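Enquirer: One structure follows; several queries about it will come next.
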Amino acid sequence: MSVSRRGVMKGGAAGALGIALAGSLDTIFQTSASAAEAGEAYGYGPLIPDPDGVLDLPKGFSYKQLSAVNDTIEPGVLVPGAHDGMATYAGTRKDTVRLVRNHEQTSSGTKPVAPSRLVYDPAAYGGTTTLEVDRKGNLVDQYISIAGTSTNCAGGATPWGTWLTCEETEGFGAQTKSHGWVFEVDPTGRKTKPEPITGMGRFAH
C-alpha cells in the first residue's frame, strides 16, 4: 500500500483506517529504511549532529529554542518540565502570539511557582505556562498561568479564546485535593481560577 500525505488528509477516516491497517508510517510514505538507519531526514539529506544536543537537522535547516526546562522566568521562578499539549492565541500586540503549554508533571520535577490565586493543589507539580512570541520568533514574555494541577497532558482551545488543560491522572499519594479534572486557563493571565470543571467528568483525561 502506498499513499501520499495529501491523500491521507483528504481521506479523513478512510485514510486513518488505511494507516491503522498498514501499520508502519515508513511503509505508507515509502520512507527508505536504509536512510532512516543512516540518520537521514528522508528527502532532505543526512542529519547533522547538533553540538548542543537538542535537535539534529538536515543542512540548511535551523531551530530557535524559546523556553527550556529550568530557564529563569523571574527571580525564584523557573520553567517547569514535561512540556505537552499546547495552543496559540492572540498576543498583546498585532505582531505577537501567545502559546499556552501544558506541563505533564505529577509530584516531582521543577515545580511551577505562582501566586496562590493560581494554585489548585500545593502538592502537585503540573500546570501551564504561557509564552508570548513576536513574528521574528523572539520570546517577549512568559509566565506561569496555572499551577498545582497534576499530569497536564491533553487539552483544547475553546471558541471563546481560552485553553482547557486536562489532568491525565486520578490522583497521587501526597495530594491535598482531588485530581482527574479539566481546568480552564486564560491566556492573558488575568481571569484564570484553578477550579475543576466537574461537568466534564473526573478521570485520567
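Residue numbering restarts at 1 for every chain of the C-alpha cells, chains are lettered A, B, ... in their displayed order, and ligands are numbered from 1 as they appear.
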Taking the backbone alone, and naming residues the way the document does, which bits of chain A are helix (DSSP H, G or I) by DSSP, as a PyMOL selection string?
Expert: chain A and resi 5-11+13-22+25-28+33-37+116-118+198-200
Enquirer: Would you write out, as a Markdown table, a table of all residues in segment 52-146 of chain A that have an atom no more than 8 Å from an atom of segment 182-204 of chain A, listing for each the closest atom pair and the distance in Å to one decimal, considering only C-alpha atoms and ordering rows by chain and rising residue number?
Expert:
| residue | atom | partner | partner_atom | distance |
| --- | --- | --- | --- | --- |
| A:Tyr89 | CA | A:Pro187 | CA | 7.2 |
| A:Arg98 | CA | A:Pro187 | CA | 6.9 |
| A:Leu99 | CA | A:Pro187 | CA | 7.7 |
| A:Val100 | CA | A:Pro187 | CA | 6.4 |
| A:Arg117 | CA | A:Lys193 | CA | 6.9 |
| A:Leu118 | CA | A:Pro194 | CA | 5.8 |
| A:Val119 | CA | A:Pro194 | CA | 6.2 |
| A:Tyr120 | CA | A:Pro194 | CA | 5.1 |
| A:Thr130 | CA | A:Pro187 | CA | 6.5 |
| A:Ser145 | CA | A:Gly189 | CA | 5.7 |
| A:Ile146 | CA | A:Pro194 | CA | 6.7 |
Enquirer: Mind checking which residues fall within 10 Å of segment 155-157 of chain A, counting only C-alpha atoms, ignoring those fewer than 4 positions away in the same chain, and posting them as an MDAnalysis selection string?
Expert: chainID A and resid 84:89 100:102 161:167 182:185 205
Enquirer: For Asn70 of chain A, please output as an MDAnalysis selection string all residues within 10 Å (counting only C-alpha atoms; exclusion window: fewer than 2 positions along the same chain).
Expert: chainID A and resid 67:68 72:73 77:81 109:111
Enquirer: Based on DSSP run over this structure's backbone, return all residues of segment 118-182 of chain A in strand (DSSP E or B), as number ranges by chain.
Expert: A: 119, 126-134, 139-149, 152-157, 163-167, 182
Enquirer: Go ahead and save the picked residues with N, CA, C and O atoms, as a compact mmCIF listing (two decimals), in the first residue's frame.
Expert:
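Below you can see part_17.txt, which holds the result:
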# COMPACT_ATOMS: atom_id res chain seq x y z
N VAL A 119 -2.93 28.60 42.19
CA VAL A 119 -2.53 27.26 42.63
C VAL A 119 -3.75 26.48 43.11
O VAL A 119 -4.47 26.92 44.01
N GLY A 126 2.19 19.85 38.32
CA GLY A 126 1.78 20.17 36.96
C GLY A 126 1.29 21.60 36.84
O GLY A 126 1.32 22.38 37.80
N GLY A 127 0.82 21.94 35.65
CA GLY A 127 0.30 23.28 35.42
C GLY A 127 0.49 23.68 33.97
O GLY A 127 0.68 22.83 33.09
N THR A 128 0.43 24.98 33.72
CA THR A 128 0.68 25.51 32.37
C THR A 128 1.54 26.76 32.47
O THR A 128 1.51 27.47 33.47
N THR A 129 2.29 27.01 31.41
CA THR A 129 2.97 28.30 31.26
C THR A 129 2.46 28.95 29.98
O THR A 129 2.01 28.27 29.05
N THR A 130 2.52 30.25 29.94
CA THR A 130 2.12 31.00 28.75
C THR A 130 3.33 31.77 28.23
O THR A 130 4.00 32.46 28.99
N LEU A 131 3.60 31.61 26.94
CA LEU A 131 4.69 32.32 26.28
C LEU A 131 4.10 33.33 25.31
O LEU A 131 3.05 33.08 24.70
N GLU A 132 4.76 34.46 25.15
CA GLU A 132 4.39 35.41 24.11
C GLU A 132 5.59 35.58 23.19
O GLU A 132 6.70 35.83 23.64
N VAL A 133 5.34 35.42 21.89
CA VAL A 133 6.41 35.40 20.89
C VAL A 133 6.08 36.38 19.77
O VAL A 133 4.91 36.48 19.36
N ASP A 134 7.09 37.10 19.28
CA ASP A 134 6.83 38.03 18.18
C ASP A 134 7.01 37.32 16.85
O ASP A 134 7.40 36.15 16.78
N LEU A 139 11.19 35.54 22.04
CA LEU A 139 10.37 35.44 23.24
C LEU A 139 10.21 36.81 23.86
O LEU A 139 11.19 37.45 24.24
N VAL A 140 8.98 37.27 23.97
CA VAL A 140 8.68 38.59 24.53
C VAL A 140 8.39 38.48 26.02
O VAL A 140 8.80 39.33 26.82
N ASP A 141 7.68 37.42 26.42
CA ASP A 141 7.29 37.26 27.81
C ASP A 141 6.92 35.81 28.07
O ASP A 141 6.59 35.07 27.13
N GLN A 142 7.00 35.36 29.32
CA GLN A 142 6.47 34.05 29.71
C GLN A 142 6.15 34.08 31.20
O GLN A 142 6.78 34.81 31.97
N TYR A 143 5.15 33.30 31.59
CA TYR A 143 4.72 33.29 32.98
C TYR A 143 3.94 32.01 33.26
O TYR A 143 3.44 31.35 32.34
N ILE A 144 3.86 31.66 34.54
CA ILE A 144 3.05 30.53 34.97
C ILE A 144 1.58 30.96 34.89
O ILE A 144 1.21 31.99 35.44
N SER A 145 0.74 30.18 34.18
CA SER A 145 -0.65 30.58 34.03
C SER A 145 -1.62 29.74 34.86
O SER A 145 -2.76 30.16 35.08
N ILE A 146 -1.21 28.57 35.33
CA ILE A 146 -1.94 27.81 36.34
C ILE A 146 -0.95 26.85 36.98
O ILE A 146 -0.01 26.39 36.32
N ALA A 147 -1.12 26.56 38.26
CA ALA A 147 -0.20 25.68 38.97
C ALA A 147 -1.00 24.79 39.94
O ALA A 147 -2.18 25.04 40.20
N GLY A 148 -0.32 23.77 40.44
CA GLY A 148 -0.97 22.90 41.41
C GLY A 148 -1.93 21.90 40.80
O GLY A 148 -2.72 21.28 41.50
N THR A 149 -1.86 21.72 39.50
CA THR A 149 -2.61 20.65 38.85
C THR A 149 -1.63 19.51 38.60
O THR A 149 -0.43 19.64 38.83
N ASN A 152 -0.64 17.33 33.53
CA ASN A 152 -1.37 18.04 32.48
C ASN A 152 -0.94 17.56 31.11
O ASN A 152 0.15 17.87 30.64
N CYS A 153 -1.81 16.81 30.46
CA CYS A 153 -1.45 16.15 29.20
C CYS A 153 -2.29 16.69 28.05
O CYS A 153 -1.81 17.45 27.24
N ALA A 154 -3.55 16.28 27.98
CA ALA A 154 -4.41 16.70 26.88
C ALA A 154 -4.89 18.13 27.08
O ALA A 154 -4.64 18.75 28.11
N GLY A 155 -5.60 18.63 26.11
CA GLY A 155 -6.15 19.97 26.22
C GLY A 155 -6.85 20.37 24.94
O GLY A 155 -6.90 19.61 23.97
N GLY A 156 -7.40 21.57 24.94
CA GLY A 156 -8.07 22.05 23.74
C GLY A 156 -8.36 23.53 23.84
O GLY A 156 -8.58 24.07 24.93
N ALA A 157 -8.35 24.20 22.69
CA ALA A 157 -8.67 25.62 22.62
C ALA A 157 -10.19 25.77 22.52
O ALA A 157 -10.85 25.03 21.79
N TRP A 163 -7.88 28.11 27.12
CA TRP A 163 -7.27 26.79 26.98
C TRP A 163 -7.84 25.87 28.06
O TRP A 163 -7.89 26.25 29.24
N LEU A 164 -8.28 24.68 27.67
CA LEU A 164 -8.71 23.68 28.62
C LEU A 164 -7.55 22.71 28.83
O LEU A 164 -7.12 22.04 27.89
N THR A 165 -7.01 22.69 30.04
CA THR A 165 -5.89 21.79 30.34
C THR A 165 -6.43 20.61 31.14
O THR A 165 -7.20 20.78 32.08
N CYS A 166 -6.04 19.40 30.74
CA CYS A 166 -6.64 18.18 31.28
C CYS A 166 -5.63 17.36 32.07
O CYS A 166 -4.51 17.14 31.61
N GLU A 167 -6.05 16.88 33.23
CA GLU A 167 -5.19 16.04 34.05
C GLU A 167 -5.32 14.57 33.63
O GLU A 167 -6.41 14.03 33.60
N VAL A 182 -10.57 18.76 34.44
CA VAL A 182 -10.22 19.72 33.39
C VAL A 182 -10.30 21.11 34.01
O VAL A 182 -11.21 21.40 34.79
Enquirer: Could you please determine the separation between atom CA of Asn138 of chain A and atom CA of Ala114 of chain A in Å, to one decimal place?
Expert: 23.7 Å
Enquirer: Which residue is closest to Asp121 of chain A? Choose from A:Thr92, A:Thr158, A:Ser108, A:Ser150 and count only C-alpha atoms.
Expert: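 Of A:Thr92, A:Thr158, A:Ser108, A:Ser150, the one nearest Asp121 of chain A, counting only C-alpha atoms, is A:Ser150.
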Enquirer: Could you tell me how far atom CA of Glu104 of chain A lies from atom CA of Gly53 of chain A, in Å and to one decimal?
Expert: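 Result for atom CA of Glu104 of chain A versus atom CA of Gly53 of chain A: 22.4 Å, one decimal.
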Enquirer: When you look at segment 57-60 of chain A with a cut-off of 6 Å (counting only C-alpha atoms), what residues show up, excluding the ones that are within fewer than 4 positions of it in the same chain? I need them as a PyMOL selection string.
Expert: chain A and resi 45-48
